[in-house]
Amino acid sequence: MTPGSNIPLSAARVAVDVSAPVRLDVSGLLLTPDGKVRSDDDFIFYNQPDGPGVTYRSGGGTAPDAILVDTAAVPPGIEKIVVTASPDAAGQTFQGIEPTATVRNSDDGSVLATFTPPRLGAETALVVMEVYRRNGAWKARAVGQGYANGLAGIATDFGVSVEEEPAAAPAPAPVAPPMPAAPVDPRIAAPPAPAAPPAPPAAPPAGSGKINLDKGRVSLQKNQTVSLVKGGRPLLSQVKMGLGWEPAFRGKDIDLDASVIAYGPTRNHLDSCYFGKLSILNGAIKHSGDNLTGEGAGDDEVIVVDLGRIPAEATGLVFTVNSFTGQKFTEVAKAYCRLVDATTGEELVRFDLTGAEPQTGVMMAKLIKQFSGEWEMTAMGDFVKSRTVRGMVKPAAQAL
């Protein structure tokens, strides 16, 4: 699976185990439709292993820990169960030890799906997968959302009360509240008695929640995802990805090339559409042609995507911009991409590139096809050292 993708669950009882080269703490949280736990009892982990329909299973240090979900026993008010993981060693990040989540049929152990979050770095905790209810059916979604502030970041996001661990030289503090009767993770406790308000939690990573088009045009931030559907309307059939840029210095031309790279479900490269190949996938994707200066208002290059004609084997599209002449993106001003409904001309989604690095390539956005047939767009803004689309194929595959 790739980030954001989902599958229907063919088994009523599933296990999600998470493995890595190091020992992990694996947990599960039962969430209501507002994305919060009902109480700390909905936090399932090694010291509180049982909840309604959800169980923690230890691997004993020789096998991965797992969260088991009996979908028939999950309370009606619970919409999803998120599976989280953090390294057992305090302060250790996931850099170089990317975990793999495996979704299994609990009854026979057969594998339903696997997912390895890509490009991890400073994260010390992850929401790896979620098992969720949609229109009466259960599905699993690959997430891979990271937190640099460990389990406390996850707990705060989902409404579990957090007790900060003391620093090496703490300032005078109020007397700690009495320990609750129920067994709890030492990092998770009942809320303290009212006193001075706690310091606000660190801001969650950009894009921590998926949005849709129900309220009209969407302006994305880096790593945010939008579902390209509106409530009660048919799936979009044809869209245009417009890409534009302006020179950072007046009078100096900037020659950039926009492209789209198509991939299959295993991140296998299918084809690339760019100024040298203006049509791919039997005409389902077409390029407007090369713009040599970036001058003038409006989109500099446009890529038309007929979503209804995209072949079934194409499930991921990554839109890139390269500087063939070697000019760096620090010489570019106001680079952006925007998704337009090709039928109505309505701008649906816009992503403005707010930062720049002295590189010659950037991955602007990706479109991922879901099992349901709908497409989701995620803003990227990741820079790469590459002057041509050919050099973008590998890093773009890794970013899916």
# chains A, B, ... in the order shown; residues from 1 in each chain; ligands from 1
>>> residues_around(residues="segment 40-43 of chain A", least_positions_apart="2", cutoff="6 Å", atoms="only C-alpha atoms", output="VMD selection string")
chain A and resid 29 to 30 37 160
>>> residues_around(residues="Val229 of chain A", least_positions_apart="4", cutoff="12 Å", atoms="only C-alpha atoms", output="PyMOL selection string")
chain A and resi 211-218+233-237+341+348-349+370+372-377
>>> write_last_selection(atoms="N, CA and C atoms", output="short mmCIF file (atom, residue, chain, number, x, y, z; two decimals), in the first residue's frame")
data_model
loop_
_atom_site.label_atom_id
_atom_site.label_comp_id
_atom_site.auth_asym_id
_atom_site.auth_seq_id
_atom_site.Cartn_x
_atom_site.Cartn_y
_atom_site.Cartn_z
N ILE A 211 -9.10 16.44 3.67
CA ILE A 211 -10.25 17.30 3.46
C ILE A 211 -10.88 16.95 2.12
N ASN A 212 -12.04 17.55 1.83
CA ASN A 212 -12.69 17.28 0.56
C ASN A 212 -13.13 18.60 -0.08
N LEU A 213 -13.87 18.48 -1.18
CA LEU A 213 -14.24 19.66 -1.95
C LEU A 213 -15.63 20.16 -1.64
N ASP A 214 -16.25 19.65 -0.57
CA ASP A 214 -17.64 20.01 -0.28
C ASP A 214 -17.82 21.51 -0.08
N LYS A 215 -16.82 22.20 0.45
CA LYS A 215 -16.94 23.63 0.73
C LYS A 215 -16.31 24.49 -0.36
N GLY A 216 -16.04 23.88 -1.51
CA GLY A 216 -15.50 24.65 -2.63
C GLY A 216 -13.99 24.55 -2.72
N ARG A 217 -13.39 25.56 -3.36
CA ARG A 217 -11.96 25.57 -3.65
C ARG A 217 -11.13 25.35 -2.39
N VAL A 218 -10.07 24.54 -2.53
CA VAL A 218 -9.21 24.19 -1.40
C VAL A 218 -7.80 24.72 -1.67
N ARG A 233 -21.98 13.91 -5.53
CA ARG A 233 -21.72 14.16 -6.94
C ARG A 233 -20.89 13.02 -7.54
N PRO A 234 -20.98 12.83 -8.86
CA PRO A 234 -20.16 11.79 -9.50
C PRO A 234 -18.67 12.12 -9.37
N LEU A 235 -17.85 11.10 -9.53
CA LEU A 235 -16.41 11.32 -9.52
C LEU A 235 -16.02 12.25 -10.66
N LEU A 236 -15.01 13.09 -10.43
CA LEU A 236 -14.49 13.95 -11.50
C LEU A 236 -14.01 13.08 -12.65
N SER A 237 -14.27 13.55 -13.87
CA SER A 237 -13.86 12.75 -15.03
C SER A 237 -12.61 13.31 -15.71
N ASP A 341 -11.19 21.75 -12.80
CA ASP A 341 -12.18 20.88 -13.44
C ASP A 341 -12.21 21.25 -14.92
N LEU A 348 -10.24 23.89 -8.45
CA LEU A 348 -10.62 23.04 -7.33
C LEU A 348 -9.60 23.10 -6.19
N VAL A 349 -8.34 22.96 -6.54
CA VAL A 349 -7.29 22.87 -5.54
C VAL A 349 -6.09 23.70 -5.99
N GLN A 370 -7.81 5.63 -5.19
CA GLN A 370 -8.24 4.79 -4.09
C GLN A 370 -8.99 3.56 -4.62
N SER A 372 -11.88 2.70 -4.02
CA SER A 372 -13.24 3.08 -4.35
C SER A 372 -13.36 3.69 -5.74
N GLY A 373 -12.22 4.03 -6.36
CA GLY A 373 -12.23 4.68 -7.66
C GLY A 373 -12.00 6.17 -7.59
N GLU A 374 -12.13 6.76 -6.40
CA GLU A 374 -11.90 8.20 -6.27
C GLU A 374 -10.39 8.48 -6.25
N TRP A 375 -10.05 9.71 -6.63
CA TRP A 375 -8.66 10.14 -6.63
C TRP A 375 -8.44 11.14 -5.50
N GLU A 376 -7.26 11.12 -4.92
CA GLU A 376 -6.87 12.07 -3.88
C GLU A 376 -5.60 12.79 -4.32
N MET A 377 -5.57 14.09 -4.04
CA MET A 377 -4.40 14.92 -4.37
C MET A 377 -3.68 15.31 -3.09
#
>>> closest_residue(among="A:Thr71, A:Ser27, A:Asn135, A:Ser227", to="Asp50 of chain A", atoms="only C-alpha atoms")
A:Ser27
>>> select_by_dssp(residues="segment 266-333 of chain A", states="strand (DSSP E)", output="PyMOL selection string")
chain A and resi 269-273+279-280+285-287+301-306+316-322+332-333
>>> write_last_selection(atoms="C-alpha atoms", output="tab-separated table (two decimals), in the first residue's frame")
chain	number	residue	atom	x	y	z
A	269	HIS	CA	7.13	3.28	-13.54
A	270	LEU	CA	4.64	3.15	-16.42
A	271	ASP	CA	5.44	6.28	-18.44
A	272	SER	CA	6.32	9.99	-18.24
A	273	CYS	CA	4.55	12.88	-19.96
A	279	SER	CA	0.71	12.24	-24.71
A	280	ILE	CA	0.83	9.02	-22.69
A	285	ILE	CA	-2.73	12.33	-20.18
A	286	LYS	CA	-1.68	15.19	-22.46
A	287	HIS	CA	0.87	18.00	-22.08
A	301	GLU	CA	2.31	24.67	-18.65
A	302	VAL	CA	-0.85	22.57	-18.39
A	303	ILE	CA	-1.25	18.82	-18.16
A	304	VAL	CA	-4.73	17.47	-18.96
A	305	VAL	CA	-5.66	14.25	-17.17
A	306	ASP	CA	-8.74	12.31	-18.26
A	316	GLY	CA	-0.37	7.03	-8.97
A	317	LEU	CA	0.59	10.26	-10.76
A	318	VAL	CA	3.40	12.55	-9.58
A	319	PHE	CA	3.62	16.09	-11.03
A	320	THR	CA	7.14	17.50	-11.19
A	321	VAL	CA	8.94	20.64	-12.36
A	322	ASN	CA	12.57	20.65	-13.51
A	332	VAL	CA	12.06	31.23	-8.94
A	333	ALA	CA	9.24	33.26	-7.44
>>> closest_residue(among="A:Ala152, A:Ala262, A:Cys337, A:Val22", to="Thr62 of chain A", atoms="only C-alpha atoms")
A:Val22
>>> closest_residue(among="A:Ala314, A:Ile368, A:Leu256, A:Leu151", to="Ser386 of chain A", atoms="only C-alpha atoms")
A:Leu256
>>> residues_around(residues="Thr116 of chain A", least_positions_apart="3", cutoff="12 Å", atoms="only C-alpha atoms", output="number ranges by chain")
A: 1-4, 17-20, 94, 97-103, 113, 119-120, 126-129, 142-145, 398-400
>>> residues_around(residues="segment 352-354 of chain A", least_positions_apart="3", cutoff="7 Å", atoms="only C-alpha atoms", output="NGL selection string")
:A and (334-337 or 381)
>>> residues_around(residues="Leu220 of chain A", least_positions_apart="5", cutoff="7 Å", atoms="only C-alpha atoms", output="PyMOL selection string")
chain A and resi 350-351+379
>>> atom_distance(atom1="atom CA of Val389 of chain A", atom2="atom CA of Pro358 of chain A")
17.4 Å
>>> atom_distance(atom1="atom CA of Thr156 of chain A", atom2="atom CA of Gly91 of chain A")
17.8 Å
>>> decode(residues="segment 296-344 of chain A", atoms="N, CA and C atoms", output="PDB file, in the first residue's frame")
ATOM      1  N   GLY A 296       4.504  36.151 -18.037  1.00  0.00           N
ATOM      2  CA  GLY A 296       3.088  36.291 -18.311  1.00  0.00           C
ATOM      3  C   GLY A 296       2.229  35.703 -17.215  1.00  0.00           C
ATOM      4  N   ALA A 297       0.974  36.174 -17.195  1.00  0.00           N
ATOM      5  CA  ALA A 297       0.046  35.705 -16.170  1.00  0.00           C
ATOM      6  C   ALA A 297      -0.511  34.338 -16.546  1.00  0.00           C
ATOM      7  N   GLY A 298      -1.021  33.631 -15.547  1.00  0.00           N
ATOM      8  CA  GLY A 298      -1.649  32.344 -15.789  1.00  0.00           C
ATOM      9  C   GLY A 298      -0.670  31.197 -15.764  1.00  0.00           C
ATOM     10  N   ASP A 299      -1.209  30.012 -16.073  1.00  0.00           N
ATOM     11  CA  ASP A 299      -0.391  28.801 -16.027  1.00  0.00           C
ATOM     12  C   ASP A 299       0.654  28.829 -17.132  1.00  0.00           C
ATOM     13  N   ASP A 300       1.862  28.394 -16.798  1.00  0.00           N
ATOM     14  CA  ASP A 300       2.916  28.319 -17.799  1.00  0.00           C
ATOM     15  C   ASP A 300       2.824  27.035 -18.611  1.00  0.00           C
ATOM     16  N   GLU A 301       2.510  25.934 -17.954  1.00  0.00           N
ATOM     17  CA  GLU A 301       2.310  24.667 -18.652  1.00  0.00           C
ATOM     18  C   GLU A 301       1.122  23.953 -18.022  1.00  0.00           C
ATOM     19  N   VAL A 302       0.369  23.243 -18.833  1.00  0.00           N
ATOM     20  CA  VAL A 302      -0.849  22.573 -18.388  1.00  0.00           C
ATOM     21  C   VAL A 302      -0.786  21.109 -18.789  1.00  0.00           C
ATOM     22  N   ILE A 303      -1.165  20.247 -17.874  1.00  0.00           N
ATOM     23  CA  ILE A 303      -1.249  18.823 -18.156  1.00  0.00           C
ATOM     24  C   ILE A 303      -2.705  18.402 -17.948  1.00  0.00           C
ATOM     25  N   VAL A 304      -3.332  17.897 -19.007  1.00  0.00           N
ATOM     26  CA  VAL A 304      -4.727  17.472 -18.959  1.00  0.00           C
ATOM     27  C   VAL A 304      -4.772  15.980 -18.627  1.00  0.00           C
ATOM     28  N   VAL A 305      -5.559  15.642 -17.610  1.00  0.00           N
ATOM     29  CA  VAL A 305      -5.661  14.252 -17.165  1.00  0.00           C
ATOM     30  C   VAL A 305      -7.120  13.822 -17.265  1.00  0.00           C
ATOM     31  N   ASP A 306      -7.394  12.866 -18.126  1.00  0.00           N
ATOM     32  CA  ASP A 306      -8.740  12.306 -18.259  1.00  0.00           C
ATOM     33  C   ASP A 306      -8.838  11.130 -17.298  1.00  0.00           C
ATOM     34  N   LEU A 307      -9.302  11.418 -16.082  1.00  0.00           N
ATOM     35  CA  LEU A 307      -9.319  10.395 -15.034  1.00  0.00           C
ATOM     36  C   LEU A 307     -10.164   9.184 -15.434  1.00  0.00           C
ATOM     37  N   GLY A 308     -11.218   9.433 -16.211  1.00  0.00           N
ATOM     38  CA  GLY A 308     -12.076   8.330 -16.627  1.00  0.00           C
ATOM     39  C   GLY A 308     -11.425   7.394 -17.614  1.00  0.00           C
ATOM     40  N   ARG A 309     -10.348   7.845 -18.271  1.00  0.00           N
ATOM     41  CA  ARG A 309      -9.659   7.003 -19.264  1.00  0.00           C
ATOM     42  C   ARG A 309      -8.329   6.466 -18.770  1.00  0.00           C
ATOM     43  N   ILE A 310      -7.958   6.817 -17.556  1.00  0.00           N
ATOM     44  CA  ILE A 310      -6.698   6.285 -17.019  1.00  0.00           C
ATOM     45  C   ILE A 310      -6.828   4.763 -16.904  1.00  0.00           C
ATOM     46  N   PRO A 311      -5.905   3.997 -17.484  1.00  0.00           N
ATOM     47  CA  PRO A 311      -6.015   2.535 -17.396  1.00  0.00           C
ATOM     48  C   PRO A 311      -5.910   2.047 -15.957  1.00  0.00           C
ATOM     49  N   ALA A 312      -6.508   0.893 -15.703  1.00  0.00           N
ATOM     50  CA  ALA A 312      -6.595   0.370 -14.342  1.00  0.00           C
ATOM     51  C   ALA A 312      -5.226   0.173 -13.710  1.00  0.00           C
ATOM     52  N   GLU A 313      -4.205  -0.111 -14.527  1.00  0.00           N
ATOM     53  CA  GLU A 313      -2.885  -0.383 -13.954  1.00  0.00           C
ATOM     54  C   GLU A 313      -2.171   0.877 -13.484  1.00  0.00           C
ATOM     55  N   ALA A 314      -2.708   2.067 -13.802  1.00  0.00           N
ATOM     56  CA  ALA A 314      -2.104   3.331 -13.358  1.00  0.00           C
ATOM     57  C   ALA A 314      -2.843   3.820 -12.125  1.00  0.00           C
ATOM     58  N   THR A 315      -2.166   3.828 -10.987  1.00  0.00           N
ATOM     59  CA  THR A 315      -2.806   4.193  -9.716  1.00  0.00           C
ATOM     60  C   THR A 315      -2.161   5.393  -9.042  1.00  0.00           C
ATOM     61  N   GLY A 316      -1.048   5.890  -9.579  1.00  0.00           N
ATOM     62  CA  GLY A 316      -0.375   7.027  -8.968  1.00  0.00           C
ATOM     63  C   GLY A 316       0.232   7.948 -10.015  1.00  0.00           C
ATOM     64  N   LEU A 317       0.024   9.255  -9.860  1.00  0.00           N
ATOM     65  CA  LEU A 317       0.591  10.256 -10.758  1.00  0.00           C
ATOM     66  C   LEU A 317       1.349  11.275  -9.917  1.00  0.00           C
ATOM     67  N   VAL A 318       2.600  11.555 -10.287  1.00  0.00           N
ATOM     68  CA  VAL A 318       3.398  12.553  -9.579  1.00  0.00           C
ATOM     69  C   VAL A 318       3.743  13.681 -10.559  1.00  0.00           C
ATOM     70  N   PHE A 319       3.381  14.913 -10.186  1.00  0.00           N
ATOM     71  CA  PHE A 319       3.617  16.086 -11.030  1.00  0.00           C
ATOM     72  C   PHE A 319       4.906  16.763 -10.574  1.00  0.00           C
ATOM     73  N   THR A 320       5.813  16.968 -11.516  1.00  0.00           N
ATOM     74  CA  THR A 320       7.136  17.496 -11.191  1.00  0.00           C
ATOM     75  C   THR A 320       7.454  18.724 -12.049  1.00  0.00           C
ATOM     76  N   VAL A 321       8.413  19.522 -11.587  1.00  0.00           N
ATOM     77  CA  VAL A 321       8.938  20.644 -12.363  1.00  0.00           C
ATOM     78  C   VAL A 321      10.458  20.582 -12.286  1.00  0.00           C
ATOM     79  N   ASN A 322      11.110  20.720 -13.444  1.00  0.00           N
ATOM     80  CA  ASN A 322      12.570  20.655 -13.508  1.00  0.00           C
ATOM     81  C   ASN A 322      13.139  21.860 -14.236  1.00  0.00           C
ATOM     82  N   SER A 323      14.377  22.189 -13.895  1.00  0.00           N
ATOM     83  CA  SER A 323      15.110  23.256 -14.575  1.00  0.00           C
ATOM     84  C   SER A 323      16.181  22.614 -15.447  1.00  0.00           C
ATOM     85  N   PHE A 324      15.863  22.441 -16.729  1.00  0.00           N
ATOM     86  CA  PHE A 324      16.789  21.766 -17.638  1.00  0.00           C
ATOM     87  C   PHE A 324      18.087  22.553 -17.808  1.00  0.00           C
ATOM     88  N   THR A 325      17.993  23.882 -17.737  1.00  0.00           N
ATOM     89  CA  THR A 325      19.185  24.715 -17.936  1.00  0.00           C
ATOM     90  C   THR A 325      20.021  24.851 -16.669  1.00  0.00           C
ATOM     91  N   GLY A 326      19.579  24.256 -15.580  1.00  0.00           N
ATOM     92  CA  GLY A 326      20.381  24.254 -14.364  1.00  0.00           C
ATOM     93  C   GLY A 326      20.092  25.375 -13.402  1.00  0.00           C
ATOM     94  N   GLN A 327      19.123  26.262 -13.725  1.00  0.00           N
ATOM     95  CA  GLN A 327      18.765  27.320 -12.772  1.00  0.00           C
ATOM     96  C   GLN A 327      18.108  26.693 -11.541  1.00  0.00           C
ATOM     97  N   LYS A 328      18.422  27.258 -10.370  1.00  0.00           N
ATOM     98  CA  LYS A 328      17.914  26.702  -9.117  1.00  0.00           C
ATOM     99  C   LYS A 328      16.562  27.319  -8.755  1.00  0.00           C
ATOM    100  N   PHE A 329      15.837  26.623  -7.893  1.00  0.00           N
ATOM    101  CA  PHE A 329      14.523  27.120  -7.499  1.00  0.00           C
ATOM    102  C   PHE A 329      14.617  28.332  -6.569  1.00  0.00           C
ATOM    103  N   THR A 330      15.809  28.650  -6.102  1.00  0.00           N
ATOM    104  CA  THR A 330      15.992  29.899  -5.374  1.00  0.00           C
ATOM    105  C   THR A 330      15.932  31.095  -6.323  1.00  0.00           C
ATOM    106  N   GLU A 331      15.945  30.837  -7.638  1.00  0.00           N
ATOM    107  CA  GLU A 331      15.801  31.890  -8.640  1.00  0.00           C
ATOM    108  C   GLU A 331      14.368  31.997  -9.150  1.00  0.00           C
ATOM    109  N   VAL A 332      13.449  31.267  -8.508  1.00  0.00           N
ATOM    110  CA  VAL A 332      12.056  31.228  -8.940  1.00  0.00           C
ATOM    111  C   VAL A 332      11.188  31.903  -7.895  1.00  0.00           C
ATOM    112  N   ALA A 333      10.206  32.656  -8.356  1.00  0.00           N
ATOM    113  CA  ALA A 333       9.238  33.255  -7.442  1.00  0.00           C
ATOM    114  C   ALA A 333       7.842  32.744  -7.784  1.00  0.00           C
ATOM    115  N   LYS A 334       7.019  32.564  -6.771  1.00  0.00           N
ATOM    116  CA  LYS A 334       5.601  32.265  -6.938  1.00  0.00           C
ATOM    117  C   LYS A 334       5.321  31.008  -7.751  1.00  0.00           C
ATOM    118  N   ALA A 335       6.083  29.961  -7.543  1.00  0.00           N
ATOM    119  CA  ALA A 335       5.766  28.693  -8.199  1.00  0.00           C
ATOM    120  C   ALA A 335       4.527  28.095  -7.544  1.00  0.00           C
ATOM    121  N   TYR A 336       3.669  27.498  -8.365  1.00  0.00           N
ATOM    122  CA  TYR A 336       2.436  26.926  -7.833  1.00  0.00           C
ATOM    123  C   TYR A 336       1.952  25.812  -8.758  1.00  0.00           C
ATOM    124  N   CYS A 337       1.008  25.037  -8.262  1.00  0.00           N
ATOM    125  CA  CYS A 337       0.248  24.145  -9.121  1.00  0.00           C
ATOM    126  C   CYS A 337      -1.207  24.253  -8.710  1.00  0.00           C
ATOM    127  N   ARG A 338      -2.098  24.069  -9.660  1.00  0.00           N
ATOM    128  CA  ARG A 338      -3.519  24.151  -9.347  1.00  0.00           C
ATOM    129  C   ARG A 338      -4.281  23.135 -10.183  1.00  0.00           C
ATOM    130  N   LEU A 339      -5.277  22.537  -9.590  1.00  0.00           N
ATOM    131  CA  LEU A 339      -6.097  21.535 -10.246  1.00  0.00           C
ATOM    132  C   LEU A 339      -7.415  22.188 -10.643  1.00  0.00           C
ATOM    133  N   VAL A 340      -7.783  22.039 -11.912  1.00  0.00           N
ATOM    134  CA  VAL A 340      -8.968  22.683 -12.468  1.00  0.00           C
ATOM    135  C   VAL A 340      -9.891  21.610 -13.038  1.00  0.00           C
ATOM    136  N   ASP A 341     -11.192  21.747 -12.795  1.00  0.00           N
ATOM    137  CA  ASP A 341     -12.181  20.881 -13.436  1.00  0.00           C
ATOM    138  C   ASP A 341     -12.210  21.255 -14.918  1.00  0.00           C
ATOM    139  N   ALA A 342     -11.779  20.338 -15.778  1.00  0.00           N
ATOM    140  CA  ALA A 342     -11.661  20.652 -17.205  1.00  0.00           C
ATOM    141  C   ALA A 342     -13.020  20.883 -17.850  1.00  0.00           C
ATOM    142  N   THR A 343     -14.075  20.370 -17.250  1.00  0.00           N
ATOM    143  CA  THR A 343     -15.414  20.531 -17.819  1.00  0.00           C
ATOM    144  C   THR A 343     -15.982  21.911 -17.544  1.00  0.00           C
ATOM    145  N   THR A 344     -15.814  22.392 -16.317  1.00  0.00           N
ATOM    146  CA  THR A 344     -16.414  23.670 -15.917  1.00  0.00           C
ATOM    147  C   THR A 344     -15.421  24.820 -15.868  1.00  0.00           C
TER     148      THR A 344
END
